[in-house]
Amino acid sequence: YFIIIVSPSQQHSYKKDKRFKLSTTLTSIKNRLSFFTLCVAMSLPTYIRRAGLVAGAGTVYIGAVYLGLQLYGVGCKHPDDHLTSTATTSGNKVKSYVFDPRRTATFQRIAHAYDDEIAKDEFVMGINLLRRALLYFHARGDVLEVGAGTGRNLGYYPGKSTVRKIVLTDSSDKMLLRAKDKLKCMSASERERYEIIEANAENLQLFGDNSFDTIVDTFGLCSFDDPVKVLKQLQRVCRPDGKILLLEHGRSKSYEGLSGYLDKHAERHAKNWGCVWNRDIDKIVKEAGLNMEKLDTWHFGTTYYIICKPSK
């Protein structure tokens, strides 16, 4: 054992030094806490703003999808009873626009107002961005577009160095007249690579096998009487190393309630637009025998962005 004898003056010095260290430590802690508080105070408005932006963006997205379904679902209200056909449900014959084989007549009727009716909905839902991305990143060489309608993809195709020729086809001549009007607004050099042909996508006998590098269909599978047959035709005219690009709307696999809404209003929508919006898109693609390279869905699973290769 060792006994250390400390003088009173040394004790006083030791206590003073200890108090000084304690005071310094407390001051340091206080300064750090003040700095932390300041950082939190400065960061809090930023986090609040970010949270507000995220919440706002989510609300806008959900609202856009809802309004799109509501407005696009209502569409042009022109009841044409003579257009209805019959479908068999549980042994009983009922009128059905979904199974109407003459829906091209609907496209003829709505052609004059089609762009005005859906332009705002597509803008709010970002459909134009999806069109642009699909064509910019994947369209190459000689292109065939089926179900081209009023030419809503015009202006989204890459330049001549990437896409040499674009053939637009549709079964509705009145829809194609709108597309021709849009072509007139283009420069002569840009217009010369386009060709417009009235043709049924289910029977593309105008074109031989392996005629195109890229086949495009945007929101057409909902409007063809036999979408599987159409895809098989697209596969026939597509070159073995080519691509078939699809941007479609259909059933949601993630939200059954939303698919239920589409089912409930399918007849009304088909009557107004000639479009069956509750089809099982990826099932149709698989039945046609296409090789799916990429499948993305948007708008809670109701919009399909698909890149396919022909199975040759």
# chains A, B, ... in the order shown; residues from 1 in each chain; ligands from 1
>>> residues_around(residues="A:Leu154", least_positions_apart="3", cutoff="8 Å", atoms="only C-alpha atoms", output="ChimeraX atom specification")
/A:151,157,182-183
>>> residues_around(residues="A:Ile244", least_positions_apart="6", cutoff="7 Å", atoms="only C-alpha atoms", output="list in words")
Thr214, Ile215, Val216, Ile307, Cys308 and Lys309 of chain A
>>> write_last_selection(atoms="N, CA, C and O atoms", output="compact mmCIF listing (two decimals), in the first residue's frame")
# COMPACT_ATOMS: atom_id res chain seq x y z
N THR A 214 -39.18 -3.06 -87.15
CA THR A 214 -39.91 -2.71 -85.93
C THR A 214 -41.40 -2.66 -86.22
O THR A 214 -41.83 -2.08 -87.23
N ILE A 215 -42.19 -3.27 -85.35
CA ILE A 215 -43.66 -3.20 -85.43
C ILE A 215 -44.15 -2.47 -84.19
O ILE A 215 -43.72 -2.77 -83.07
N VAL A 216 -45.05 -1.51 -84.37
CA VAL A 216 -45.55 -0.69 -83.26
C VAL A 216 -47.06 -0.81 -83.16
O VAL A 216 -47.77 -0.72 -84.18
N ILE A 307 -41.83 -4.89 -74.63
CA ILE A 307 -40.89 -5.06 -75.74
C ILE A 307 -40.84 -6.56 -76.06
O ILE A 307 -40.53 -7.36 -75.19
N CYS A 308 -41.16 -6.92 -77.30
CA CYS A 308 -41.19 -8.33 -77.70
C CYS A 308 -40.25 -8.60 -78.87
O CYS A 308 -39.91 -7.70 -79.64
N LYS A 309 -39.86 -9.86 -78.97
CA LYS A 309 -39.12 -10.36 -80.13
C LYS A 309 -39.96 -11.46 -80.76
O LYS A 309 -40.64 -12.23 -80.07
>>> atom_distance(atom1="atom CA of A:Leu295", atom2="atom CA of A:Pro158")
21.8 Å
>>> closest_atom_pairs(of="stretch 214-295 of chain A", to="stretch 193-203 of chain A", cutoff="12 Å", atoms="only C-alpha atoms", output="CSV")
residue,atom,partner,partner_atom,distance
A:Ile215,CA,A:Ala201,CA,11.4
A:Val216,CA,A:Ala201,CA,11.4
A:Asp217,CA,A:Ala201,CA,9.9
A:Gly220,CA,A:Ala201,CA,9.5
A:Leu221,CA,A:Ala201,CA,10.1
A:Ser223,CA,A:Ala201,CA,10.5
A:Phe224,CA,A:Glu202,CA,7.9
A:Asp225,CA,A:Glu202,CA,8.5
A:Asp226,CA,A:Glu202,CA,7.3
A:Pro227,CA,A:Glu202,CA,7.9
A:Val228,CA,A:Glu202,CA,9.0
A:Lys229,CA,A:Glu202,CA,6.0
A:Val230,CA,A:Glu202,CA,4.6
A:Leu231,CA,A:Glu202,CA,8.2
A:Lys232,CA,A:Glu202,CA,8.6
A:Gln233,CA,A:Glu202,CA,6.6
A:Leu234,CA,A:Ala201,CA,8.1
A:Gln235,CA,A:Glu202,CA,11.6
A:Arg236,CA,A:Asn203,CA,10.9
A:Val237,CA,A:Asn203,CA,11.0
>>> atom_distance(atom1="atom CA of A:Thr303", atom2="atom CA of A:Tyr114")
19.4 Å
>>> residues_around(residues="A:Tyr136", least_positions_apart="6", cutoff="10 Å", atoms="only C-alpha atoms", output="number ranges by chain")
A: 130, 156-159, 162-163
>>> write_last_selection(atoms="all heavy atoms", output="short mmCIF file (atom, residue, chain, number, x, y, z; two decimals), in the first residue's frame")
data_model
loop_
_atom_site.label_atom_id
_atom_site.label_comp_id
_atom_site.auth_asym_id
_atom_site.auth_seq_id
_atom_site.Cartn_x
_atom_site.Cartn_y
_atom_site.Cartn_z
N LEU A 130 -44.59 8.00 -72.26
CA LEU A 130 -44.41 6.57 -72.52
C LEU A 130 -44.32 6.31 -74.02
O LEU A 130 -43.52 5.47 -74.46
CB LEU A 130 -45.58 5.78 -71.91
CG LEU A 130 -45.65 5.77 -70.38
CD1 LEU A 130 -46.91 5.04 -69.90
CD2 LEU A 130 -44.41 5.11 -69.78
N TYR A 156 -42.87 11.48 -82.42
CA TYR A 156 -42.12 10.77 -81.38
C TYR A 156 -41.08 9.81 -81.95
O TYR A 156 -40.26 9.27 -81.21
CB TYR A 156 -43.07 9.99 -80.46
CG TYR A 156 -44.01 10.87 -79.67
CD1 TYR A 156 -45.31 10.48 -79.40
CD2 TYR A 156 -43.59 12.12 -79.20
CE1 TYR A 156 -46.18 11.28 -78.68
CE2 TYR A 156 -44.45 12.93 -78.47
CZ TYR A 156 -45.75 12.50 -78.22
OH TYR A 156 -46.60 13.31 -77.51
N TYR A 157 -41.11 9.59 -83.25
CA TYR A 157 -40.15 8.66 -83.86
C TYR A 157 -38.76 9.30 -83.95
O TYR A 157 -38.65 10.51 -84.17
CB TYR A 157 -40.62 8.24 -85.24
CG TYR A 157 -41.71 7.20 -85.24
CD1 TYR A 157 -43.04 7.56 -85.40
CD2 TYR A 157 -41.39 5.86 -85.05
CE1 TYR A 157 -44.05 6.59 -85.38
CE2 TYR A 157 -42.39 4.89 -85.04
CZ TYR A 157 -43.70 5.26 -85.20
OH TYR A 157 -44.69 4.29 -85.17
N PRO A 158 -37.71 8.50 -83.79
CA PRO A 158 -36.34 9.03 -83.94
C PRO A 158 -36.10 9.54 -85.36
O PRO A 158 -36.91 9.31 -86.27
CB PRO A 158 -35.46 7.80 -83.64
CG PRO A 158 -36.34 6.86 -82.90
CD PRO A 158 -37.73 7.08 -83.41
N GLY A 159 -34.99 10.23 -85.57
CA GLY A 159 -34.67 10.82 -86.86
C GLY A 159 -34.36 9.80 -87.94
O GLY A 159 -34.32 8.59 -87.71
N THR A 162 -31.94 6.85 -87.73
CA THR A 162 -32.34 5.69 -86.93
C THR A 162 -33.53 4.95 -87.54
O THR A 162 -33.54 3.72 -87.63
CB THR A 162 -32.69 6.12 -85.49
OG1 THR A 162 -31.57 6.81 -84.92
CG2 THR A 162 -33.03 4.92 -84.62
N VAL A 163 -34.54 5.71 -87.97
CA VAL A 163 -35.74 5.13 -88.57
C VAL A 163 -35.85 5.63 -90.01
O VAL A 163 -36.02 6.83 -90.26
CB VAL A 163 -37.01 5.52 -87.78
CG1 VAL A 163 -38.26 5.07 -88.52
CG2 VAL A 163 -36.97 4.91 -86.38
#
>>> residues_around(residues="A:Gly250", least_positions_apart="5", cutoff="10 Å", atoms="only C-alpha atoms", output="list in words")
Phe219, Leu221, Cys222, Ser259, Leu262, Val276, Trp277, Asn278, Arg279, Asp280, Ile281, Asp282, Gly301, Thr302, Thr303 and Tyr304 of chain A
>>> write_last_selection(atoms="N, CA, C and O atoms", output="PDB file, in the first residue's frame")
ATOM      1  N   PHE A 219     -52.070   1.059 -77.848  1.00  0.00           N
ATOM      2  CA  PHE A 219     -53.482   1.046 -77.472  1.00  0.00           C
ATOM      3  C   PHE A 219     -54.351   0.531 -78.613  1.00  0.00           C
ATOM      4  O   PHE A 219     -55.398   1.109 -78.923  1.00  0.00           O
ATOM      5  N   LEU A 221     -54.527  -3.308 -79.024  1.00  0.00           N
ATOM      6  CA  LEU A 221     -54.999  -4.654 -78.675  1.00  0.00           C
ATOM      7  C   LEU A 221     -56.381  -4.626 -78.036  1.00  0.00           C
ATOM      8  O   LEU A 221     -57.112  -5.611 -78.092  1.00  0.00           O
ATOM      9  N   CYS A 222     -56.731  -3.495 -77.450  1.00  0.00           N
ATOM     10  CA  CYS A 222     -58.060  -3.368 -76.842  1.00  0.00           C
ATOM     11  C   CYS A 222     -59.137  -3.184 -77.909  1.00  0.00           C
ATOM     12  O   CYS A 222     -60.326  -3.343 -77.620  1.00  0.00           O
ATOM     13  N   SER A 259     -59.542  -3.695 -61.435  1.00  0.00           N
ATOM     14  CA  SER A 259     -59.994  -4.561 -62.528  1.00  0.00           C
ATOM     15  C   SER A 259     -61.503  -4.759 -62.457  1.00  0.00           C
ATOM     16  O   SER A 259     -62.182  -4.858 -63.486  1.00  0.00           O
ATOM     17  N   LEU A 262     -63.036  -1.856 -64.118  1.00  0.00           N
ATOM     18  CA  LEU A 262     -62.947  -1.980 -65.574  1.00  0.00           C
ATOM     19  C   LEU A 262     -64.001  -2.963 -66.100  1.00  0.00           C
ATOM     20  O   LEU A 262     -64.617  -2.730 -67.145  1.00  0.00           O
ATOM     21  N   VAL A 276     -62.094  -2.411 -75.724  1.00  0.00           N
ATOM     22  CA  VAL A 276     -62.332  -3.328 -74.596  1.00  0.00           C
ATOM     23  C   VAL A 276     -61.161  -3.161 -73.632  1.00  0.00           C
ATOM     24  O   VAL A 276     -60.100  -3.743 -73.831  1.00  0.00           O
ATOM     25  N   TRP A 277     -61.324  -2.381 -72.591  1.00  0.00           N
ATOM     26  CA  TRP A 277     -60.203  -1.969 -71.749  1.00  0.00           C
ATOM     27  C   TRP A 277     -59.875  -2.922 -70.608  1.00  0.00           C
ATOM     28  O   TRP A 277     -58.980  -2.640 -69.823  1.00  0.00           O
ATOM     29  N   ASN A 278     -60.566  -4.059 -70.527  1.00  0.00           N
ATOM     30  CA  ASN A 278     -60.294  -4.994 -69.431  1.00  0.00           C
ATOM     31  C   ASN A 278     -59.709  -6.323 -69.931  1.00  0.00           C
ATOM     32  O   ASN A 278     -59.827  -7.358 -69.263  1.00  0.00           O
ATOM     33  N   ARG A 279     -59.057  -6.316 -71.080  1.00  0.00           N
ATOM     34  CA  ARG A 279     -58.438  -7.539 -71.586  1.00  0.00           C
ATOM     35  C   ARG A 279     -57.161  -7.871 -70.819  1.00  0.00           C
ATOM     36  O   ARG A 279     -56.483  -6.981 -70.293  1.00  0.00           O
ATOM     37  N   ASP A 280     -56.838  -9.160 -70.798  1.00  0.00           N
ATOM     38  CA  ASP A 280     -55.631  -9.652 -70.121  1.00  0.00           C
ATOM     39  C   ASP A 280     -54.469  -9.562 -71.118  1.00  0.00           C
ATOM     40  O   ASP A 280     -54.234 -10.489 -71.889  1.00  0.00           O
ATOM     41  N   ILE A 281     -53.738  -8.464 -71.074  1.00  0.00           N
ATOM     42  CA  ILE A 281     -52.749  -8.161 -72.113  1.00  0.00           C
ATOM     43  C   ILE A 281     -51.593  -9.157 -72.142  1.00  0.00           C
ATOM     44  O   ILE A 281     -51.241  -9.696 -73.214  1.00  0.00           O
ATOM     45  N   ASP A 282     -50.958  -9.414 -71.005  1.00  0.00           N
ATOM     46  CA  ASP A 282     -49.800 -10.326 -71.044  1.00  0.00           C
ATOM     47  C   ASP A 282     -50.210 -11.742 -71.427  1.00  0.00           C
ATOM     48  O   ASP A 282     -49.448 -12.475 -72.063  1.00  0.00           O
ATOM     49  N   GLY A 301     -51.003  -0.835 -62.692  1.00  0.00           N
ATOM     50  CA  GLY A 301     -51.038  -2.094 -63.432  1.00  0.00           C
ATOM     51  C   GLY A 301     -51.969  -2.120 -64.619  1.00  0.00           C
ATOM     52  O   GLY A 301     -52.149  -3.177 -65.238  1.00  0.00           O
ATOM     53  N   THR A 302     -52.548  -0.976 -64.999  1.00  0.00           N
ATOM     54  CA  THR A 302     -53.507  -0.971 -66.112  1.00  0.00           C
ATOM     55  C   THR A 302     -52.880  -0.542 -67.440  1.00  0.00           C
ATOM     56  O   THR A 302     -53.510  -0.685 -68.487  1.00  0.00           O
ATOM     57  N   THR A 303     -51.662  -0.013 -67.413  1.00  0.00           N
ATOM     58  CA  THR A 303     -50.962   0.365 -68.648  1.00  0.00           C
ATOM     59  C   THR A 303     -49.734  -0.512 -68.803  1.00  0.00           C
ATOM     60  O   THR A 303     -48.907  -0.599 -67.888  1.00  0.00           O
ATOM     61  N   TYR A 304     -49.619  -1.173 -69.956  1.00  0.00           N
ATOM     62  CA  TYR A 304     -48.555  -2.140 -70.214  1.00  0.00           C
ATOM     63  C   TYR A 304     -47.545  -1.577 -71.221  1.00  0.00           C
ATOM     64  O   TYR A 304     -47.938  -1.139 -72.305  1.00  0.00           O
TER      65      TYR A 304
END
>>> select_by_dssp(residues="stretch 122-203 of chain A", states="alpha helix (DSSP H)", output="PyMOL selection string")
chain A and resi 122-125+127-138+173-184+188-191
>>> write_last_selection(atoms="C-alpha atoms", output="compact mmCIF listing (two decimals), in the first residue's frame")
# COMPACT_ATOMS: atom_id res chain seq x y z
CA GLU A 122 -53.02 11.35 -71.86
CA PHE A 123 -51.07 14.46 -70.85
CA VAL A 124 -52.05 14.21 -67.17
CA MET A 125 -51.34 10.47 -67.04
CA ILE A 127 -48.97 8.65 -71.77
CA ASN A 128 -47.14 10.97 -74.16
CA LEU A 129 -43.89 10.33 -72.25
CA LEU A 130 -44.41 6.57 -72.52
CA ARG A 131 -45.04 6.87 -76.26
CA ARG A 132 -41.88 8.92 -76.70
CA ALA A 133 -39.74 6.54 -74.61
CA LEU A 134 -41.04 3.43 -76.40
CA LEU A 135 -40.24 4.78 -79.85
CA TYR A 136 -37.08 6.72 -79.06
CA PHE A 137 -35.30 3.82 -77.38
CA HIS A 138 -36.57 0.90 -79.48
CA ASP A 173 -60.16 5.83 -93.09
CA LYS A 174 -61.62 8.74 -91.11
CA MET A 175 -59.06 8.24 -88.36
CA LEU A 176 -56.29 8.16 -90.96
CA LEU A 177 -57.56 11.43 -92.47
CA ARG A 178 -56.66 13.08 -89.15
CA ALA A 179 -53.20 11.54 -89.35
CA LYS A 180 -52.78 12.88 -92.89
CA ASP A 181 -53.68 16.37 -91.67
CA LYS A 182 -50.90 16.13 -89.08
CA LEU A 183 -48.41 15.02 -91.72
CA LYS A 184 -49.17 18.17 -93.71
CA ALA A 188 -41.34 17.93 -96.74
CA SER A 189 -38.12 16.11 -95.83
CA GLU A 190 -39.70 14.66 -92.69
CA ARG A 191 -42.99 13.82 -94.40
>>> atom_distance(atom1="atom CA of A:Gly274", atom2="atom CA of A:Gly155")
25.3 Å
>>> closest_residue(among="A:Cys275, A:Cys238, A:Gly126, A:Lys165", to="A:Gly147", atoms="only C-alpha atoms")
A:Cys275
>>> closest_residue(among="A:Arg251, A:Arg109, A:Lys283, A:Lys120", to="A:Ala266", atoms="only C-alpha atoms")
A:Arg251
>>> select_by_dssp(residues="stretch 212-274 of chain A", states="strand (DSSP E)", output="ChimeraX atom specification")
/A:212-218,238-249
>>> closest_residue(among="A:Ser311, A:Gly257, A:Thr150, A:Leu245", to="A:Ala113", atoms="only C-alpha atoms")
A:Thr150
>>> closest_residue(among="A:Ser96, A:Ser211, A:Thr106, A:Thr218", to="A:Arg152", atoms="only C-alpha atoms")
A:Thr218
>>> closest_residue(among="A:Pro240, A:Gly141, A:Pro310, A:Gly149", to="A:Thr169", atoms="only C-alpha atoms")
A:Gly149
>>> decode(residues="stretch 126-138 of chain A", atoms="all heavy atoms", output="tab-separated table (two decimals), in the first residue's frame")
chain	number	residue	atom	x	y	z
A	126	GLY	N	-49.34	11.03	-68.31
A	126	GLY	CA	-47.98	10.81	-68.79
A	126	GLY	C	-47.88	9.82	-69.95
A	126	GLY	O	-46.80	9.29	-70.21
A	127	ILE	N	-48.98	9.60	-70.65
A	127	ILE	CA	-48.97	8.65	-71.77
A	127	ILE	C	-48.04	9.13	-72.87
A	127	ILE	O	-47.34	8.33	-73.52
A	127	ILE	CB	-50.40	8.45	-72.32
A	127	ILE	CG1	-51.31	7.84	-71.24
A	127	ILE	CG2	-50.37	7.55	-73.55
A	127	ILE	CD1	-50.90	6.48	-70.75
A	128	ASN	N	-48.01	10.43	-73.10
A	128	ASN	CA	-47.14	10.97	-74.16
A	128	ASN	C	-45.67	10.64	-73.88
A	128	ASN	O	-44.90	10.36	-74.81
A	128	ASN	CB	-47.32	12.48	-74.27
A	128	ASN	CG	-48.71	12.86	-74.74
A	128	ASN	OD1	-49.38	12.07	-75.38
A	128	ASN	ND2	-49.13	14.07	-74.41
A	129	LEU	N	-45.27	10.67	-72.61
A	129	LEU	CA	-43.89	10.33	-72.25
A	129	LEU	C	-43.61	8.86	-72.52
A	129	LEU	O	-42.51	8.50	-72.96
A	129	LEU	CB	-43.64	10.66	-70.78
A	129	LEU	CG	-43.72	12.14	-70.39
A	129	LEU	CD1	-43.54	12.30	-68.88
A	129	LEU	CD2	-42.67	12.95	-71.14
A	130	LEU	N	-44.59	8.00	-72.26
A	130	LEU	CA	-44.41	6.57	-72.52
A	130	LEU	C	-44.32	6.31	-74.02
A	130	LEU	O	-43.52	5.47	-74.46
A	130	LEU	CB	-45.58	5.78	-71.91
A	130	LEU	CG	-45.65	5.77	-70.38
A	130	LEU	CD1	-46.91	5.04	-69.90
A	130	LEU	CD2	-44.41	5.11	-69.78
A	131	ARG	N	-45.12	7.00	-74.80
A	131	ARG	CA	-45.04	6.87	-76.26
A	131	ARG	C	-43.64	7.25	-76.74
A	131	ARG	O	-43.01	6.54	-77.53
A	131	ARG	CB	-46.07	7.78	-76.93
A	131	ARG	CG	-47.54	7.38	-76.77
A	131	ARG	CD	-48.42	8.39	-77.50
A	131	ARG	NE	-49.84	8.19	-77.27
A	131	ARG	CZ	-50.63	7.40	-78.01
A	131	ARG	NH1	-50.12	6.74	-79.02
A	131	ARG	NH2	-51.93	7.30	-77.73
A	132	ARG	N	-43.18	8.41	-76.27
A	132	ARG	CA	-41.88	8.92	-76.70
A	132	ARG	C	-40.76	7.95	-76.31
A	132	ARG	O	-39.87	7.65	-77.12
A	132	ARG	CB	-41.63	10.30	-76.07
A	132	ARG	CG	-40.34	10.96	-76.53
A	132	ARG	CD	-40.14	12.28	-75.81
A	132	ARG	NE	-41.18	13.24	-76.11
A	132	ARG	CZ	-41.18	14.03	-77.18
A	132	ARG	NH1	-40.18	13.95	-78.07
A	132	ARG	NH2	-42.16	14.89	-77.37
A	133	ALA	N	-40.79	7.46	-75.07
A	133	ALA	CA	-39.74	6.54	-74.61
A	133	ALA	C	-39.74	5.25	-75.41
A	133	ALA	O	-38.68	4.74	-75.81
A	133	ALA	CB	-39.93	6.26	-73.12
A	134	LEU	N	-40.92	4.70	-75.66
A	134	LEU	CA	-41.04	3.43	-76.40
A	134	LEU	C	-40.41	3.54	-77.78
A	134	LEU	O	-39.64	2.67	-78.20
A	134	LEU	CB	-42.52	3.05	-76.52
A	134	LEU	CG	-42.82	1.72	-77.20
A	134	LEU	CD1	-42.42	0.55	-76.31
A	134	LEU	CD2	-44.30	1.62	-77.56
A	135	LEU	N	-40.72	4.62	-78.48
A	135	LEU	CA	-40.24	4.78	-79.85
A	135	LEU	C	-38.79	5.26	-79.90
A	135	LEU	O	-38.01	4.79	-80.74
A	135	LEU	CB	-41.14	5.75	-80.61
A	135	LEU	CG	-42.62	5.33	-80.70
A	135	LEU	CD1	-43.44	6.38	-81.42
A	135	LEU	CD2	-42.75	3.98	-81.38
A	136	TYR	N	-38.43	6.17	-79.03
A	136	TYR	CA	-37.08	6.72	-79.06
A	136	TYR	C	-36.02	5.65	-78.77
A	136	TYR	O	-34.99	5.59	-79.43
A	136	TYR	CB	-36.96	7.86	-78.05
A	136	TYR	CG	-35.58	8.48	-78.01
A	136	TYR	CD1	-35.20	9.44	-78.94
A	136	TYR	CD2	-34.65	8.08	-77.05
A	136	TYR	CE1	-33.93	10.00	-78.92
A	136	TYR	CE2	-33.37	8.63	-77.02
A	136	TYR	CZ	-33.02	9.59	-77.96
A	136	TYR	OH	-31.76	10.13	-77.94
A	137	PHE	N	-36.30	4.80	-77.80
A	137	PHE	CA	-35.30	3.82	-77.38
A	137	PHE	C	-35.34	2.51	-78.18
A	137	PHE	O	-34.38	1.75	-78.14
A	137	PHE	CB	-35.47	3.50	-75.88
A	137	PHE	CG	-35.09	4.65	-74.99
A	137	PHE	CD1	-36.06	5.30	-74.23
A	137	PHE	CD2	-33.78	5.08	-74.90
A	137	PHE	CE1	-35.72	6.35	-73.39
A	137	PHE	CE2	-33.43	6.13	-74.06
A	137	PHE	CZ	-34.39	6.77	-73.32
A	138	HIS	N	-36.44	2.23	-78.89
A	138	HIS	CA	-36.57	0.90	-79.48
A	138	HIS	C	-36.91	0.87	-80.97
A	138	HIS	O	-36.70	-0.17	-81.60
A	138	HIS	CB	-37.61	0.09	-78.71
A	138	HIS	CG	-37.30	-0.08	-77.26
A	138	HIS	ND1	-36.33	-0.95	-76.81
A	138	HIS	CD2	-37.82	0.53	-76.15
A	138	HIS	CE1	-36.26	-0.88	-75.49
A	138	HIS	NE2	-37.15	0.01	-75.07
